[in-house]
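Shown next, in structure tokens, is the structure this report addresses.
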Amino acid sequence: MKGNELFNLQELLSRQKLLICFSGPFSHSVIEELGKAVRNHLENERIEKSAIMDVFSVYVEQAQNVRNYTASREALGRPIPANSGIVVIGKEDDHYVVSSGNLVEADDVPGLSAMLEKLRGLDKAGLKAVYKEQSRKPREAGASGAGLGLIDMARKATRPLEYSLRAVDDTYFFFSLEVQL
């Protein structure tokens, strides 16, 4: 990237009030190191501990979702193109916003959309009930988690989860998720 392009990128990041942006392969060590940087930055901002924990936990959940989805496809012999994930943390007015994006297979889009629309339609009490219900279910064989991540992010959010799915080609969609805290 040429110097002028880098300057333009820095200006864009600054105008958007982005605190951190990572695009590339998500390894455990990358998630951990960026998490430390996020936590340090938020602690220096002197915001409430509960807000720090919410932003930090949503960042970790989104980054792990990107990593786990990619790993699950590799295990099935259907690797996702490299460097297709991104996580961004920014500030809008008095709220932090954690966003992520990654390629998902077209076959996964209907189930993902249905789950997100269900969560978007629930109030705090409904989200709590769904969380309890899901936490009592047995884990599916081969699942990377208990299926609580999206629900937990929706519970922490100050507004319904925002998402988009953009067709890339016949095989993939680019899935974007935004959580305001």
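By convention here, the chains of the structure tokens are called A, B, ... in the order presented, each chain's residues are numbered starting at 1, and ligands are numbered starting at 1 in the order presented.
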Running DSSP on the backbone, which parts of chain A land in alpha helix (DSSP H), as JSON, numbers by chain? {"A": [3, 4, 5, 6, 7, 8, 9, 10, 11, 12, 13, 14, 15, 28, 29, 30, 31, 32, 33, 34, 35, 36, 37, 38, 39, 40, 41, 42, 43, 44, 49, 50, 51, 52, 53, 54, 55, 56, 57, 58, 59, 60, 61, 62, 63, 64, 65, 66, 67, 68, 69, 70, 71, 72, 73, 74, 75, 109, 110, 111, 112, 113, 114, 115, 116, 117, 118, 119, 120, 124, 125, 126, 127, 128, 129, 130, 131, 132, 133, 134, 135, 136, 149, 150, 151, 152, 153, 154, 155, 156]}
Could you give me, as a Markdown table, every stretch 65-139 of chain A residue with an atom at most 8 Å from stretch 22-46 of chain A, plus its closest atom pair and distance in Å to one decimal, counting only C-alpha atoms, rows ordered by chain then number?
```
| residue | atom | partner | partner_atom | distance |
| --- | --- | --- | --- | --- |
| A:Val66 | CA | A:Phe26 | CA | 7.2 |
| A:Arg67 | CA | A:Phe26 | CA | 5.3 |
| A:Ala82 | CA | A:Pro25 | CA | 6.6 |
| A:Asn83 | CA | A:Gly24 | CA | 4.0 |
| A:Ser84 | CA | A:Gly24 | CA | 6.4 |
| A:Gly85 | CA | A:Ser23 | CA | 5.7 |
| A:Ile86 | CA | A:Ser23 | CA | 4.2 |
| A:Val87 | CA | A:Phe22 | CA | 5.4 |
| A:Val88 | CA | A:Phe22 | CA | 6.5 |
```
Filtering to all heavy atoms, could you give me those residues as a CSV table (one decimal), in the first residue's frame?
```
chain,number,residue,atom,x,y,z
A,66,VAL,N,-15.7,-15.8,13.9
A,66,VAL,CA,-15.0,-15.8,12.6
A,66,VAL,C,-14.0,-16.9,12.6
A,66,VAL,O,-14.0,-17.7,11.6
A,66,VAL,CB,-14.3,-14.4,12.4
A,66,VAL,CG1,-13.4,-14.4,11.2
A,66,VAL,CG2,-15.3,-13.3,12.3
A,67,ARG,N,-13.2,-17.1,13.6
A,67,ARG,CA,-12.2,-18.1,13.6
A,67,ARG,C,-12.8,-19.5,13.5
A,67,ARG,O,-12.4,-20.4,12.8
A,67,ARG,CB,-11.3,-18.0,14.8
A,67,ARG,CG,-10.1,-19.1,14.8
A,67,ARG,CD,-9.5,-19.2,16.1
A,67,ARG,NE,-10.4,-19.8,17.0
A,67,ARG,CZ,-10.3,-19.8,18.3
A,67,ARG,NH1,-9.2,-19.3,18.9
A,67,ARG,NH2,-11.2,-20.4,19.1
A,82,ALA,N,-8.5,-17.4,2.4
A,82,ALA,CA,-7.8,-16.7,3.4
A,82,ALA,C,-8.1,-15.2,3.5
A,82,ALA,O,-8.5,-14.6,2.6
A,82,ALA,CB,-6.3,-16.9,3.2
A,83,ASN,N,-7.9,-14.7,4.7
A,83,ASN,CA,-8.0,-13.3,5.0
A,83,ASN,C,-9.4,-12.7,4.7
A,83,ASN,O,-9.6,-11.6,4.3
A,83,ASN,CB,-7.0,-12.5,4.2
A,83,ASN,CG,-5.6,-12.9,4.5
A,83,ASN,OD1,-5.3,-13.2,5.6
A,83,ASN,ND2,-4.7,-12.8,3.5
A,84,SER,N,-10.4,-13.5,4.9
A,84,SER,CA,-11.8,-13.1,4.7
A,84,SER,C,-12.5,-12.5,5.9
A,84,SER,O,-13.7,-12.2,5.8
A,84,SER,CB,-12.6,-14.2,4.1
A,84,SER,OG,-12.8,-15.3,5.0
A,85,GLY,N,-11.8,-12.5,7.0
A,85,GLY,CA,-12.5,-12.0,8.3
A,85,GLY,C,-12.0,-10.6,8.7
A,85,GLY,O,-10.9,-10.2,8.4
A,86,ILE,N,-12.9,-9.9,9.4
A,86,ILE,CA,-12.5,-8.6,9.9
A,86,ILE,C,-13.3,-8.3,11.2
A,86,ILE,O,-14.5,-8.8,11.3
A,86,ILE,CB,-12.9,-7.5,8.8
A,86,ILE,CG1,-12.4,-6.1,9.3
A,86,ILE,CG2,-14.3,-7.5,8.5
A,86,ILE,CD1,-12.4,-5.0,8.2
A,87,VAL,N,-12.7,-7.7,12.1
A,87,VAL,CA,-13.3,-7.2,13.3
A,87,VAL,C,-12.9,-5.8,13.6
A,87,VAL,O,-11.8,-5.4,13.4
A,87,VAL,CB,-13.0,-8.1,14.6
A,87,VAL,CG1,-13.5,-7.5,15.9
A,87,VAL,CG2,-13.5,-9.5,14.4
A,88,VAL,N,-13.9,-4.9,13.9
A,88,VAL,CA,-13.7,-3.5,14.1
A,88,VAL,C,-14.4,-3.1,15.4
A,88,VAL,O,-15.5,-3.5,15.7
A,88,VAL,CB,-14.3,-2.7,12.9
A,88,VAL,CG1,-14.2,-1.2,13.1
A,88,VAL,CG2,-13.7,-3.1,11.6
```
With 8 Å as the cut-off and only C-alpha atoms counted, what is the closest atom pair between each nearby residue of stretch 96-125 of chain A and stretch 148-166 of chain A? Distances in Å to one decimal, ordered by chain and number, as a Markdown table.
```
| residue | atom | partner | partner_atom | distance |
| --- | --- | --- | --- | --- |
| A:Val109 | CA | A:Leu165 | CA | 7.8 |
| A:Leu116 | CA | A:Leu161 | CA | 7.5 |
| A:Leu119 | CA | A:Ala154 | CA | 6.9 |
| A:Arg120 | CA | A:Pro160 | CA | 5.1 |
| A:Gly121 | CA | A:Pro160 | CA | 7.9 |
| A:Lys124 | CA | A:Arg155 | CA | 6.4 |
```
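Atom CA of A:Asn68 to atom CA of A:Gly101 spans 13.0 Å [interatomic distance, one decimal].
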Correct to one decimal, the distance atom CA of A:Ala51-atom CA of A:Leu18 is 17.0 Å
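Take atom CA of A:Leu13 and atom CA of A:Phe175: the distance between them is 20.8 Å.
For A:Val97, the list of residues within 9 Å, based on only C-alpha atoms and with local chain neighbours fewer than 5 positions off taken out, reads Val55, Val88, Ile89, Gly90, Lys91, Glu92, Glu178, Val179, Gln180 and Leu181 of chain A.
Residues surrounding stretch 168-172 of chain A within 8 Å are Leu103, Val104, Glu105 and Ala106 of chain A [only C-alpha atoms; sequence separation below 5 positions excluded].
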Name the residues of chain A that come out as strand (DSSP E) in a backbone DSSP run; write them as a PyMOL selection string. chain A and resi 18-23+86-92+95-105+162-167+172-180
Please produce a file of those selected residues containing C-alpha atoms, as an mmCIF file, in the first residue's frame.
```cif
data_model
loop_
_atom_site.group_PDB
_atom_site.id
_atom_site.type_symbol
_atom_site.label_atom_id
_atom_site.label_comp_id
_atom_site.auth_asym_id
_atom_site.auth_seq_id
_atom_site.Cartn_x
_atom_site.Cartn_y
_atom_site.Cartn_z
ATOM 1 C CA LEU A 18 -12.459 3.309 14.964
ATOM 2 C CA LEU A 19 -10.374 2.202 17.903
ATOM 3 C CA ILE A 20 -9.171 -1.054 16.428
ATOM 4 C CA CYS A 21 -9.493 -2.830 13.115
ATOM 5 C CA PHE A 22 -8.094 -6.238 12.230
ATOM 6 C CA SER A 23 -8.473 -7.972 8.895
ATOM 7 C CA ILE A 86 -12.539 -8.595 9.883
ATOM 8 C CA VAL A 87 -13.337 -7.222 13.349
ATOM 9 C CA VAL A 88 -13.720 -3.520 14.113
ATOM 10 C CA ILE A 89 -14.366 -1.639 17.345
ATOM 11 C CA GLY A 90 -15.517 1.942 17.132
ATOM 12 C CA LYS A 91 -17.360 4.609 19.021
ATOM 13 C CA GLU A 92 -20.624 6.256 18.007
ATOM 14 C CA HIS A 95 -21.785 3.944 22.625
ATOM 15 C CA TYR A 96 -19.151 1.453 21.572
ATOM 16 C CA VAL A 97 -19.846 -0.624 18.486
ATOM 17 C CA VAL A 98 -18.235 -3.986 17.793
ATOM 18 C CA SER A 99 -18.584 -5.232 14.221
ATOM 19 C CA SER A 100 -17.329 -8.284 12.418
ATOM 20 C CA GLY A 101 -17.520 -9.710 8.953
ATOM 21 C CA ASN A 102 -16.599 -12.950 7.257
ATOM 22 C CA LEU A 103 -17.467 -15.174 4.352
ATOM 23 C CA VAL A 104 -20.177 -17.776 5.000
ATOM 24 C CA GLU A 105 -21.360 -20.528 2.723
ATOM 25 C CA GLU A 162 -27.725 -5.313 13.011
ATOM 26 C CA TYR A 163 -26.563 -7.627 10.266
ATOM 27 C CA SER A 164 -26.228 -7.889 6.517
ATOM 28 C CA LEU A 165 -25.577 -10.684 4.059
ATOM 29 C CA ARG A 166 -24.120 -9.737 0.687
ATOM 30 C CA ALA A 167 -23.740 -12.283 -2.095
ATOM 31 C CA TYR A 172 -20.289 -17.373 -0.507
ATOM 32 C CA PHE A 173 -22.002 -14.469 1.180
ATOM 33 C CA PHE A 174 -20.220 -11.809 3.222
ATOM 34 C CA PHE A 175 -21.865 -11.749 6.643
ATOM 35 C CA SER A 176 -21.574 -8.552 8.716
ATOM 36 C CA LEU A 177 -22.695 -8.244 12.324
ATOM 37 C CA GLU A 178 -22.875 -5.037 14.397
ATOM 38 C CA VAL A 179 -23.426 -4.919 18.150
ATOM 39 C CA GLN A 180 -23.934 -1.556 19.873
#
```
